[in-house]
file entry-v3.pdb (PDB, C-alpha atoms)
ATOM      1  CA  MET Y   1      -3.599  -5.841 -20.247
ATOM      2  CA  GLY Y   2      -4.110  -4.947 -23.880
ATOM      3  CA  LYS Y   3      -1.617  -4.002 -26.552
ATOM      4  CA  LEU Y   4       1.199  -1.681 -25.609
ATOM      5  CA  SER Y   5       0.045   1.864 -25.990
ATOM      6  CA  SER Y   6       1.680   4.247 -28.412
ATOM      7  CA  ALA Y   7       2.764   6.262 -25.374
ATOM      8  CA  PHE Y   8       4.658   3.271 -23.989
ATOM      9  CA  THR Y   9       6.223   2.550 -27.373
ATOM     10  CA  LEU Y  10       7.410   6.166 -27.508
ATOM     11  CA  ALA Y  11       8.766   5.832 -23.966
ATOM     12  CA  VAL Y  12      10.786   2.784 -25.022
ATOM     13  CA  ILE Y  13      12.300   4.713 -27.934
ATOM     14  CA  VAL Y  14      13.076   7.771 -25.807
ATOM     15  CA  ALA Y  15      14.609   5.664 -23.025
ATOM     16  CA  SER Y  16      16.823   3.810 -25.477
ATOM     17  CA  LEU Y  17      18.042   7.088 -26.953
ATOM     18  CA  LEU Y  18      18.585   8.967 -23.706
ATOM     19  CA  PHE Y  19      19.815   6.097 -21.559
ATOM     20  CA  PRO Y  20      21.895   3.434 -23.325
ATOM     21  CA  LEU Y  21      22.147  -0.076 -21.831
ATOM     22  CA  SER Y  22      25.350   0.717 -19.981
ATOM     23  CA  VAL Y  23      23.724   3.697 -18.251
ATOM     24  CA  LEU Y  24      20.384   2.101 -17.478
ATOM     25  CA  SER Y  25      21.590  -1.098 -15.854
ATOM     26  CA  GLN Y  26      25.223  -0.659 -14.862
ATOM     27  CA  SER Y  27      26.037   1.200 -11.677
ATOM     28  CA  THR Y  28      29.107   1.933  -9.650
ATOM     29  CA  ASP Y  29      26.914   1.090  -6.662
ATOM     30  CA  ILE Y  30      26.782  -2.600  -7.649
ATOM     31  CA  LYS Y  31      28.840  -4.411  -5.061
ATOM     32  CA  TYR Y  32      28.396  -8.151  -5.509
ATOM     33  CA  PRO Y  33      29.375 -10.426  -8.422
ATOM     34  CA  GLU Y  34      26.039 -12.255  -8.408
ATOM     35  CA  THR Y  35      24.232  -8.979  -9.130
ATOM     36  CA  LYS Y  36      26.530  -8.311 -12.065
ATOM     37  CA  GLN Y  37      25.944 -11.886 -13.224
ATOM     38  CA  VAL Y  38      22.168 -11.413 -13.337
ATOM     39  CA  LEU Y  39      22.487  -8.090 -15.155
ATOM     40  CA  SER Y  40      24.873  -9.581 -17.680
ATOM     41  CA  ILE Y  41      22.780 -12.632 -18.507
ATOM     42  CA  VAL Y  42      19.601 -10.589 -18.973
ATOM     43  CA  GLU Y  43      21.274  -7.960 -21.129
ATOM     44  CA  ASP Y  44      22.917 -10.655 -23.269
ATOM     45  CA  ALA Y  45      19.632 -12.562 -23.581
ATOM     46  CA  ALA Y  46      17.699  -9.400 -24.471
ATOM     47  CA  GLN Y  47      20.271  -8.515 -27.103
ATOM     48  CA  ALA Y  48      20.009 -12.036 -28.551
ATOM     49  CA  VAL Y  49      16.206 -11.714 -28.779
ATOM     50  CA  ALA Y  50      16.534  -8.290 -30.417
ATOM     51  CA  GLN Y  51      18.919  -9.693 -33.037
ATOM     52  CA  LYS Y  52      17.719 -13.275 -33.615
ATOM     53  CA  GLY Y  53      14.139 -13.131 -32.422
ATOM     54  CA  GLU Y  54      12.205 -16.188 -31.349
ATOM     55  CA  ALA Y  55      14.810 -18.534 -32.841
ATOM     56  CA  VAL Y  56      17.057 -17.928 -29.826
ATOM     57  CA  PHE Y  57      14.500 -19.422 -27.439
ATOM     58  CA  ALA Y  58      15.790 -22.897 -28.302
ATOM     59  CA  ASP Y  59      19.224 -21.849 -27.030
ATOM     60  CA  PHE Y  60      17.680 -20.690 -23.746
ATOM     61  CA  ARG Y  61      16.455 -24.287 -23.191
ATOM     62  CA  LYS Y  62      19.830 -26.026 -23.590
ATOM     63  CA  LYS Y  63      20.903 -27.477 -20.244
ATOM     64  CA  GLY Y  64      24.469 -26.790 -19.215
ATOM     65  CA  GLY Y  65      24.748 -23.912 -21.659
ATOM     66  CA  LYS Y  66      25.213 -20.211 -21.095
ATOM     67  CA  TRP Y  67      21.557 -19.592 -20.382
ATOM     68  CA  LEU Y  68      20.641 -22.665 -18.303
ATOM     69  CA  HIS Y  69      22.947 -24.009 -15.617
ATOM     70  CA  ASP Y  70      22.872 -24.600 -11.849
ATOM     71  CA  ASP Y  71      20.148 -22.301 -10.449
ATOM     72  CA  THR Y  72      20.436 -19.875 -13.366
ATOM     73  CA  TYR Y  73      17.948 -19.752 -16.217
ATOM     74  CA  VAL Y  74      16.329 -17.224 -18.532
ATOM     75  CA  PHE Y  75      12.551 -16.842 -18.660
ATOM     76  CA  VAL Y  76      10.428 -14.970 -21.198
ATOM     77  CA  ILE Y  77       6.887 -13.615 -20.854
ATOM     78  CA  ASP Y  78       4.855 -11.117 -22.843
ATOM     79  CA  THR Y  79       3.225  -7.921 -21.597
ATOM     80  CA  LYS Y  80      -0.131  -9.689 -21.135
ATOM     81  CA  GLY Y  81       1.332 -12.206 -18.689
ATOM     82  CA  ASN Y  82       1.616 -15.164 -21.045
ATOM     83  CA  VAL Y  83       4.606 -17.371 -20.230
ATOM     84  CA  VAL Y  84       6.534 -17.827 -23.472
ATOM     85  CA  LEU Y  85       9.497 -19.721 -22.026
ATOM     86  CA  ASN Y  86      10.436 -21.201 -18.658
ATOM     87  CA  PRO Y  87      12.871 -24.111 -19.052
ATOM     88  CA  THR Y  88      12.566 -25.158 -15.394
ATOM     89  CA  ARG Y  89       8.752 -25.015 -15.251
ATOM     90  CA  PRO Y  90       7.586 -25.946 -18.766
ATOM     91  CA  GLU Y  91       4.071 -26.606 -17.461
ATOM     92  CA  LEU Y  92       3.663 -22.818 -17.164
ATOM     93  CA  GLU Y  93       4.418 -22.184 -20.825
ATOM     94  CA  GLY Y  94       1.634 -21.224 -23.191
ATOM     95  CA  LYS Y  95      -0.565 -20.127 -20.300
ATOM     96  CA  ASN Y  96      -1.475 -16.736 -18.936
ATOM     97  CA  GLN Y  97       0.061 -16.434 -15.483
ATOM     98  CA  ILE Y  98      -0.578 -12.769 -14.694
ATOM     99  CA  ASN Y  99      -2.340 -13.811 -11.485
ATOM    100  CA  LEU Y 100       0.372 -16.282 -10.428
ATOM    101  CA  LYS Y 101       1.484 -15.625  -6.861
ATOM    102  CA  ASP Y 102       4.557 -16.634  -4.952
ATOM    103  CA  ALA Y 103       4.597 -18.509  -1.639
ATOM    104  CA  MET Y 104       3.748 -15.275   0.207
ATOM    105  CA  GLY Y 105       0.868 -14.264  -2.049
ATOM    106  CA  LYS Y 106       2.875 -11.756  -4.088
ATOM    107  CA  PRO Y 107       1.729 -11.468  -7.766
ATOM    108  CA  PHE Y 108       5.237 -11.366  -9.184
ATOM    109  CA  ILE Y 109       4.329 -11.896 -12.858
ATOM    110  CA  ALA Y 110       2.194  -8.759 -12.717
ATOM    111  CA  TRP Y 111       5.170  -7.018 -11.107
ATOM    112  CA  PHE Y 112       7.433  -8.000 -13.994
ATOM    113  CA  ILE Y 113       5.000  -6.327 -16.367
ATOM    114  CA  ARG Y 114       4.757  -3.185 -14.266
ATOM    115  CA  GLU Y 115       8.542  -2.940 -14.027
ATOM    116  CA  VAL Y 116       8.824  -2.480 -17.785
ATOM    117  CA  THR Y 117       5.544  -0.718 -18.671
ATOM    118  CA  ASP Y 118       4.364   1.479 -15.792
ATOM    119  CA  TYR Y 119       7.229   3.918 -15.361
ATOM    120  CA  PRO Y 120       8.010   6.512 -18.053
ATOM    121  CA  PHE Y 121      11.717   6.644 -17.162
ATOM    122  CA  LYS Y 122      12.554   2.955 -17.634
ATOM    123  CA  THR Y 123      11.729  -0.319 -19.400
ATOM    124  CA  GLN Y 124      13.514  -2.645 -16.965
ATOM    125  CA  GLY Y 125      13.804  -3.246 -13.247
ATOM    126  CA  TRP Y 126      14.179  -5.518 -10.232
ATOM    127  CA  SER Y 127      11.616  -7.693  -8.426
ATOM    128  CA  HIS Y 128      11.932  -9.592  -5.153
ATOM    129  CA  TYR Y 129       9.706 -12.564  -4.328
ATOM    130  CA  VAL Y 130       9.681 -16.118  -2.975
ATOM    131  CA  TRP Y 131      10.069 -18.906  -5.538
ATOM    132  CA  PHE Y 132      11.304 -22.469  -5.904
ATOM    133  CA  LYS Y 133      14.836 -23.428  -6.851
ATOM    134  CA  PRO Y 134      14.923 -25.936  -9.722
ATOM    135  CA  GLY Y 135      14.343 -29.417  -8.291
ATOM    136  CA  GLN Y 136      13.495 -28.201  -4.773
ATOM    137  CA  GLU Y 137      10.158 -28.038  -2.979
ATOM    138  CA  ILE Y 138      11.092 -25.368  -0.435
ATOM    139  CA  ALA Y 139      10.698 -21.788  -1.636
ATOM    140  CA  SER Y 140      13.501 -19.228  -1.232
ATOM    141  CA  TRP Y 141      13.791 -15.487  -1.687
ATOM    142  CA  LYS Y 142      14.640 -14.666  -5.276
ATOM    143  CA  THR Y 143      15.661 -11.413  -6.938
ATOM    144  CA  SER Y 144      15.067 -11.097 -10.686
ATOM    145  CA  PHE Y 145      16.012  -8.480 -13.238
ATOM    146  CA  VAL Y 146      13.572  -8.061 -16.148
ATOM    147  CA  LYS Y 147      13.905  -6.131 -19.371
ATOM    148  CA  TYR Y 148      11.547  -5.297 -22.240
ATOM    149  CA  VAL Y 149      12.826  -6.078 -25.736
ATOM    150  CA  LYS Y 150      11.282  -6.137 -29.195
ATOM    151  CA  ALA Y 151      12.126  -8.997 -31.564
ATOM    152  CA  PRO Y 152      12.602  -8.538 -35.337
ATOM    153  CA  SER Y 153       9.095 -10.015 -35.722
ATOM    154  CA  GLY Y 154       7.737  -6.914 -34.028
ATOM    155  CA  LYS Y 155       6.597  -8.813 -30.940
ATOM    156  CA  GLY Y 156       7.554  -7.428 -27.557
ATOM    157  CA  TYR Y 157       8.887  -9.673 -24.808
ATOM    158  CA  ILE Y 158       9.959  -9.377 -21.198
ATOM    159  CA  VAL Y 159      13.237 -11.243 -20.683
ATOM    160  CA  GLY Y 160      14.372 -12.008 -17.169
ATOM    161  CA  SER Y 161      16.631 -14.000 -14.894
ATOM    162  CA  GLY Y 162      17.385 -14.077 -11.201
ATOM    163  CA  LEU Y 163      19.221 -15.724  -8.351
ATOM    164  CA  TYR Y 164      18.216 -16.909  -4.912
ATOM    165  CA  GLU Y 165      19.140 -15.308  -1.584
ATOM    166  CA  MET Y 166      20.890 -12.370  -3.234
ATOM    167  CA  ARG Y 167      22.543  -9.853  -0.961
ATOM    168  CA  PRO Y 168      21.007  -6.354  -0.841
ATOM    169  CA  GLU Y 169      22.419  -3.770  -3.215
ATOM    170  CA  LYS Y 170      22.094   0.001  -3.408
ATOM    171  CA  VAL Y 171      20.834  -0.352  -6.970
ATOM    172  CA  PHE Y 172      17.814  -2.278  -5.618
ATOM    173  CA  VAL Y 173      17.064   0.611  -3.264
ATOM    174  CA  VAL Y 174      17.305   3.251  -5.988
ATOM    175  CA  ASP Y 175      14.957   1.209  -8.174
ATOM    176  CA  ILE Y 176      12.291   0.827  -5.484
ATOM    177  CA  VAL Y 177      12.495   4.469  -4.337
ATOM    178  CA  ASP Y 178      12.271   5.778  -7.898
ATOM    179  CA  GLU Y 179       9.137   3.684  -8.423
ATOM    180  CA  ALA Y 180       7.551   4.714  -5.127
ATOM    181  CA  ALA Y 181       8.362   8.372  -5.816
ATOM    182  CA  GLU Y 182       6.718   8.127  -9.217
ATOM    183  CA  LEU Y 183       3.527   6.753  -7.640
ATOM    184  CA  VAL Y 184       3.482   9.593  -5.114
ATOM    185  CA  ARG Y 185       4.172  12.129  -7.869
ATOM    186  CA  LYS Y 186       1.156  10.846  -9.827
ATOM    187  CA  ASP Y 187      -1.299  10.014  -7.049
ATOM    188  CA  GLY Y 188      -0.187  11.861  -3.924
ATOM    189  CA  ARG Y 189      -1.624  10.379  -0.736
ATOM    190  CA  LYS Y 190      -3.672   7.870  -2.727
ATOM    191  CA  ALA Y 191      -0.398   5.997  -3.312
ATOM    192  CA  PHE Y 192       0.204   5.449   0.403
ATOM    193  CA  PRO Y 193      -1.885   2.232   0.792
ATOM    194  CA  VAL Y 194       0.129   0.670  -2.029
ATOM    195  CA  LEU Y 195       3.386   1.497  -0.263
ATOM    196  CA  ARG Y 196       2.069   0.059   3.018
ATOM    197  CA  ASP Y 197       0.863  -3.230   1.510
ATOM    198  CA  LYS Y 198       2.814  -6.029   3.210
ATOM    199  CA  THR Y 199       2.243  -8.327   0.214
ATOM    200  CA  GLY Y 200       3.201  -5.584  -2.245
ATOM    201  CA  GLU Y 201       6.387  -5.064  -4.175
ATOM    202  CA  PHE Y 202       7.607  -2.270  -1.897
ATOM    203  CA  ASN Y 203       8.012  -4.543   1.134
ATOM    204  CA  TYR Y 204      10.332  -7.546   1.322
ATOM    205  CA  LEU Y 205      12.747  -8.944   3.910
ATOM    206  CA  THR Y 206      14.119  -5.868   5.766
ATOM    207  CA  THR Y 207      13.312  -3.488   2.879
ATOM    208  CA  TYR Y 208      10.387  -1.072   3.050
ATOM    209  CA  VAL Y 209       9.494   2.391   1.764
ATOM    210  CA  PHE Y 210       8.744   5.289   4.112
ATOM    211  CA  VAL Y 211       7.336   8.734   3.382
ATOM    212  CA  VAL Y 212       7.761  11.930   5.437
ATOM    213  CA  ASP Y 213       5.878  15.122   4.602
ATOM    214  CA  GLN Y 214       7.300  18.651   4.416
ATOM    215  CA  LYS Y 215       6.366  19.355   8.048
ATOM    216  CA  GLY Y 216       8.280  16.319   9.275
ATOM    217  CA  ALA Y 217       5.288  14.051   9.847
ATOM    218  CA  ASP Y 218       5.800  10.338   9.197
ATOM    219  CA  VAL Y 219       2.943   9.497   6.811
ATOM    220  CA  VAL Y 220       4.022   6.028   5.575
ATOM    221  CA  ASN Y 221       6.036   3.548   7.616
ATOM    222  CA  PRO Y 222       4.887  -0.085   7.261
ATOM    223  CA  ALA Y 223       7.796  -1.458   9.303
ATOM    224  CA  PHE Y 224       7.310   0.942  12.235
ATOM    225  CA  PRO Y 225       3.630   1.971  12.073
ATOM    226  CA  GLN Y 226       3.786   3.433  15.586
ATOM    227  CA  HIS Y 227       5.520   6.475  14.052
ATOM    228  CA  GLU Y 228       2.827   7.147  11.439
ATOM    229  CA  GLY Y 229       0.920  10.365  11.982
ATOM    230  CA  LYS Y 230       3.600  11.747  14.293
ATOM    231  CA  ASN Y 231       6.134  14.487  13.692
ATOM    232  CA  VAL Y 232       9.539  12.797  13.626
ATOM    233  CA  LEU Y 233      11.865  15.777  13.201
ATOM    234  CA  ALA Y 234      13.083  15.281  16.772
ATOM    235  CA  LEU Y 235      13.610  11.546  16.261
ATOM    236  CA  GLN Y 236      17.213  10.511  16.986
ATOM    237  CA  ASP Y 237      19.126   7.358  16.159
ATOM    238  CA  SER Y 238      21.172   5.418  18.735
ATOM    239  CA  ARG Y 239      24.053   7.875  18.311
ATOM    240  CA  GLY Y 240      21.940  10.978  18.804
ATOM    241  CA  LYS Y 241      21.700  11.854  15.105
ATOM    242  CA  PHE Y 242      18.570  13.757  14.012
ATOM    243  CA  PHE Y 243      18.416  11.757  10.809
ATOM    244  CA  ILE Y 244      14.977  12.842   9.583
ATOM    245  CA  LYS Y 245      15.927  16.491   9.976
ATOM    246  CA  ASP Y 246      19.227  15.731   8.223
ATOM    247  CA  MET Y 247      17.370  14.122   5.299
ATOM    248  CA  ILE Y 248      15.172  17.165   4.802
ATOM    249  CA  THR Y 249      18.142  19.522   5.103
ATOM    250  CA  MET Y 250      20.080  17.461   2.565
ATOM    251  CA  LEU Y 251      17.214  17.639   0.068
ATOM    252  CA  ALA Y 252      16.801  21.400   0.369
ATOM    253  CA  ALA Y 253      19.390  21.865  -2.384
ATOM    254  CA  LYS Y 254      18.895  18.674  -4.426
ATOM    255  CA  ASP Y 255      16.244  16.141  -5.349
ATOM    256  CA  SER Y 256      17.817  12.950  -3.955
ATOM    257  CA  GLY Y 257      20.680  11.665  -1.851
ATOM    258  CA  TRP Y 258      22.060   9.075   0.582
ATOM    259  CA  ILE Y 259      22.329   9.244   4.366
ATOM    260  CA  ILE Y 260      23.732   6.788   6.930
ATOM    261  CA  TYR Y 261      22.306   6.379  10.426
ATOM    262  CA  SER Y 262      21.636   3.683  13.007
ATOM    263  CA  TRP Y 263      18.131   2.158  13.087
ATOM    264  CA  PRO Y 264      16.610  -1.226  14.049
ATOM    265  CA  LYS Y 265      15.737  -3.754  11.403
ATOM    266  CA  PRO Y 266      12.003  -4.524  11.125
ATOM    267  CA  ARG Y 267      10.751  -6.757  13.955
ATOM    268  CA  THR Y 268      13.886  -6.054  16.044
ATOM    269  CA  THR Y 269      14.929  -3.468  18.608
ATOM    270  CA  LYS Y 270      18.727  -3.553  18.258
ATOM    271  CA  PRO Y 271      20.011  -0.636  16.130
ATOM    272  CA  SER Y 272      21.986  -1.431  12.970
ATOM    273  CA  ASP Y 273      23.801   0.866  10.568
ATOM    274  CA  LYS Y 274      21.559   1.684   7.630
ATOM    275  CA  GLU Y 275      22.248   3.515   4.368
ATOM    276  CA  THR Y 276      19.120   5.155   3.021
ATOM    277  CA  TYR Y 277      18.288   6.742  -0.317
ATOM    278  CA  VAL Y 278      15.731   9.564  -0.153
ATOM    279  CA  LYS Y 279      13.993  11.400  -2.974
ATOM    280  CA  LYS Y 280      12.040  14.666  -2.861
ATOM    281  CA  VAL Y 281       8.652  14.538  -4.606
ATOM    282  CA  LYS Y 282       6.120  17.270  -5.278
ATOM    283  CA  TYR Y 283       2.393  16.664  -5.616
ATOM    284  CA  GLY Y 284       0.481  19.881  -6.077
ATOM    285  CA  ALA Y 285       1.407  22.131  -3.164
ATOM    286  CA  ASP Y 286       2.676  19.199  -1.089
ATOM    287  CA  VAL Y 287       6.268  18.047  -0.772
ATOM    288  CA  PHE Y 288       7.084  14.485   0.299
ATOM    289  CA  TYR Y 289      10.363  12.724   1.080
ATOM    290  CA  VAL Y 290      10.284   9.119  -0.134
ATOM    291  CA  GLY Y 291      12.985   6.760   1.048
ATOM    292  CA  SER Y 292      14.232   3.228   1.558
ATOM    293  CA  GLY Y 293      17.539   1.725   2.584
ATOM    294  CA  ILE Y 294      19.773  -1.257   3.174
ATOM    295  CA  TYR Y 295      21.267  -2.419   6.432
ATOM    296  CA  LEU Y 296      25.041  -2.576   6.279
ATOM    297  CA  GLU Y 297      25.534  -5.658   8.448
TER     298      GLU Y 297
END

call {"tool": "encode", "arguments": {"input": "entry-v3.pdb", "output": "structure tokens"}}
result
Amino acid sequence: MGKLSSAFTLAVIVASLLFPLSVLSQSTDIKYPETKQVLSIVEDAAQAVAQKGEAVFADFRKKGGKWLHDDTYVFVIDTKGNVVLNPTRPELEGKNQINLKDAMGKPFIAWFIREVTDYPFKTQGWSHYVWFKPGQEIASWKTSFVKYVKAPSGKGYIVGSGLYEMRPEKVFVVDIVDEAAELVRKDGRKAFPVLRDKTGEFNYLTTYVFVVDQKGADVVNPAFPQHEGKNVLALQDSRGKFFIKDMITMLAAKDSGWIIYSWPKPRTTKPSDKETYVKKVKYGADVFYVGSGIYLE
């Protein structure tokens, strides 16, 4: 990746004016204290970089301090994929790690960059991948929040932090659906292979993105591919609810919304209650319904 484009710089300015920090990252849908903890540490770290610049990096390295304790630490990269700071893996620092992959082959550094540069409506976001806890050799699922910030020196950085085995949150679902919807809005059906990619950022644990077209055909469903290419308007959950039809009806009068129904988790057959966020997207003359959800158990 080269220098940030003037278009991205303008997007950063517009986002900061239209959506202050409290609006962009705080949500009444945040349920768990660990999620709030990650948000808080990243926002505080980003603010410190914005005010003090590179001088604050030394504080991020202090063990037992605010920024580095237990399994919590702050990392910093740039928009080219160079690792500026990683107090738990200093051997990564000073090197370009844009092609670094997690234990499942997911290029999470590249994802961090996309989270803050690829979407015109935001300069921050969530990523989910498999990484190593400090001092352990067995990888665990990790969820990180990353945020773009510019230091007084004029240099731009991506500041992030995360925790392991975090519980699913509605804010994660909104983030992933908004991103998937943006891809469909830009590329139409050409975005579908990206959404299906099992090693991609739209598929992790029991989370996946599905797409239904305006006629009720299931056109993307990586967790239940047997439904792809079929009309699913008559599909019912375990309680007899026509949930696909209900989604489309719900979005007749608005662009997005939540719906609860009973559906099996991936790789299982037993139905579980699921809360799903769906967004209506237009591409030319086509209308698509892009969704993802969390299981409530």

call {"tool": "atom_distance", "arguments": {"input": "entry-v3.pdb", "atom1": "atom CA of Lys230 of chain Y", "atom2": "atom CA of Asp246 of chain Y"}}
result
17.2 Å

call {"tool": "atom_distance", "arguments": {"input": "entry-v3.pdb", "atom1": "atom CA of Asn82 of chain Y", "atom2": "atom CA of Trp141 of chain Y"}}
result
22.9 Å

call {"tool": "residues_around", "arguments": {"input": "entry-v3.pdb", "residues": "segment 29-34 of chain Y", "least_positions_apart": "3", "cutoff": "9 Å", "atoms": "all atoms listed in the file", "output": "MDAnalysis selection string"}}
result
chainID Y and resid 26 37:39 163 166:171

call {"tool": "resolve_selection", "arguments": {"input": "entry-v3.pdb", "expression": "the PyMOL selection byres ((chain Y and resi 54) around 12)", "output": "number ranges by chain"}}
result
Y: 45-53, 55-60, 76, 84-85, 149-157, 159

call {"tool": "axis_aligned_box", "arguments": {"input": "entry-v3.pdb", "around": "segment 173-187 of chain Y", "padding_each_side": "6 Å", "output": "AutoDock Vina command-line options"}}
result
--center_x 8.0 --center_y 6.4 --center_z -6.5 --size_x 30.6 --size_y 23.5 --size_z 18.6

call {"tool": "atom_distance", "arguments": {"input": "entry-v3.pdb", "atom1": "atom CA of Thr249 of chain Y", "atom2": "atom CA of Gly293 of chain Y"}}
result
18.0 Å
